[in-house]
Every structure is written in C-alpha cells, then in structure tokens.
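Q: Below is one structure. I have some questions about it.
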Amino acid sequence: MMKRILILLIITGFFASCSGPERSPALVFMPDMYYSVPYEPYQKATFDYPNYSEQSEVSVFVNQANMSALKPVEGTVPQNKIGALPYNLPNTNEGYEAAKSIKSPLDSIDFGTKTKRAEKLYTQVCATCHGANGDGQGPIVQTGAYVGVPNFKDRPITEGTVYHVIMHGRNAMGSYAGHLNVQDRWLVAEYVMQLKNK
C-alpha cells in the first residue's frame, strides 16, 4: 500500500511540475541567482522575472528594439590588439600616394619576435612570386608562368604603400587582405622594407 501511495505521489508531482503554454512559468527559487540583475549583452531589456513586460520603460532600449546591446556612440573607432586605426584609404592612385606617409604601428612589439613571424608570413604568402629575397624571382616567376613581378629595390615603396598593396592589390597583384590580418599585414610590410634595404 505504501509503495502505491509513493508511486502515486511521484506521478502527481511529475504532472504538477509540467507547465504548458497556457500556464504561468514554474516557480524559480532564488531568482536573484538565476537571473542577472545587470543587463547581459543582447538580453531583452524588457525581461524582468517574474514581471515580464512587452515594452521597456527606458527610451534608449525602446529605440533599440528593446535590446540591451546598444550601438556604439557616433565617431567611435573599433579597437584592435595593436592599436591600429582602421585603414580607410581608398583603392585609388590618390589613396596609394597618401599611404606613402603612413608608418607601421607595431613599435611596441619586440623586434626579434616580430621579425621571425614576419619572415614566416612572407615566406608562406609572398615569396612564391616575390622571391625569398624580394628580387621578384619566386618559383612561379622562374617557371615562366608569371612575369613582371618587381624587385623591391627597384621600387620607391614605403611601409604604408606595401600595406596599401597588400590591402587593396595593385596592377596584376590582387588583394591579400583576406589572407593576413591587420597586424600580419604590417609585419609583412616591415619585412618587405627590410628586404628592400638589405
């Protein structure tokens, strides 16, 4: 008899704990530990257990579709780990000329470490055409499959113009922005200048 009562209590408890769409949410014990008091990123600003509302009372959230994540303030510049500003020079001859005065922002990185990484990146991405020494005699050029790759020593290039060409491409060379992130582009640009000045 006791066993049947226990089974009946378990079954009753199971069905009582189920909550269908027409019922109110189940009771939450210690909601201050379950629901964050401060807004979480991308949380609905109208969510407030147990008093959910359709519309936020805070106007800034109402204007953002009731989301707690707000748009950046106008004029905000995205930050990256090296502190470089976004590269906004256009893919034009004027943009290339303006790039001549730009310097690499990587001064804070240890020279030995960045040279080793820069050489590795250059070898993997650039040396196939430009050659290990920057003489324009990479394996592809030596096979005759591709011609016209310049020797870095013969060109009036700067760190800024090298970065610009990596970013946008120039003449027969396409953009390599998809192959190298911002820091790696600057590393390769610095390494190209080392090859030019050897």
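Residue numbering restarts at 1 for every chain of the structure tokens, chains are lettered A, B, ... in their displayed order, and ligands are numbered from 1 as they appear.
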How would you write, as a ChimeraX atom specification, the set of residues in chain A that DSSP gives as alpha helix (DSSP H)?

A: /A:2-17,31-34,59-62,93-99,111-125,127-130,139-142,159-168,182-196

Q: Could you produce a table of the residues of range 56-125 of chain A lying within 9 Å of range 160-166 of chain A, with the nearest pair of atoms per residue and their separation in Å rounded to one decimal, using only C-alpha atoms, ordered by chain and increasing residue number, as CSV?

A:
residue,atom,partner,partner_atom,distance
A:Tyr87,CA,A:His164,CA,8.7
A:Leu89,CA,A:His164,CA,8.0
A:Asn91,CA,A:His164,CA,8.1
A:Gly95,CA,A:His164,CA,8.1
A:Tyr96,CA,A:Thr161,CA,6.1
A:Glu97,CA,A:Thr161,CA,7.7
A:Ala98,CA,A:Thr161,CA,8.4
A:Ala99,CA,A:Gly160,CA,4.7
A:Lys100,CA,A:Gly160,CA,5.2
A:Ser101,CA,A:Gly160,CA,6.5
A:Ile102,CA,A:Gly160,CA,4.7
A:Lys103,CA,A:Gly160,CA,5.9
A:Ser104,CA,A:Gly160,CA,7.2

Q: To test your reading of the structure, identify every residue in range 38-194 of chain A that backbone DSSP assigns to strand (DSSP E or B), and report it as a list in words.

A: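 Across range 38-194 of chain A, those assigned strand (DSSP E or B) are Lys44, Met67, Arg170 and Met173 of chain A.
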
Q: Kindly indicate which residue among A:His168, A:Lys196, A:Arg155, A:Arg185 lies nearest to Ala84 in chain A, using only C-alpha atoms for the distances.

A: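 Closest candidate: A:Arg185.
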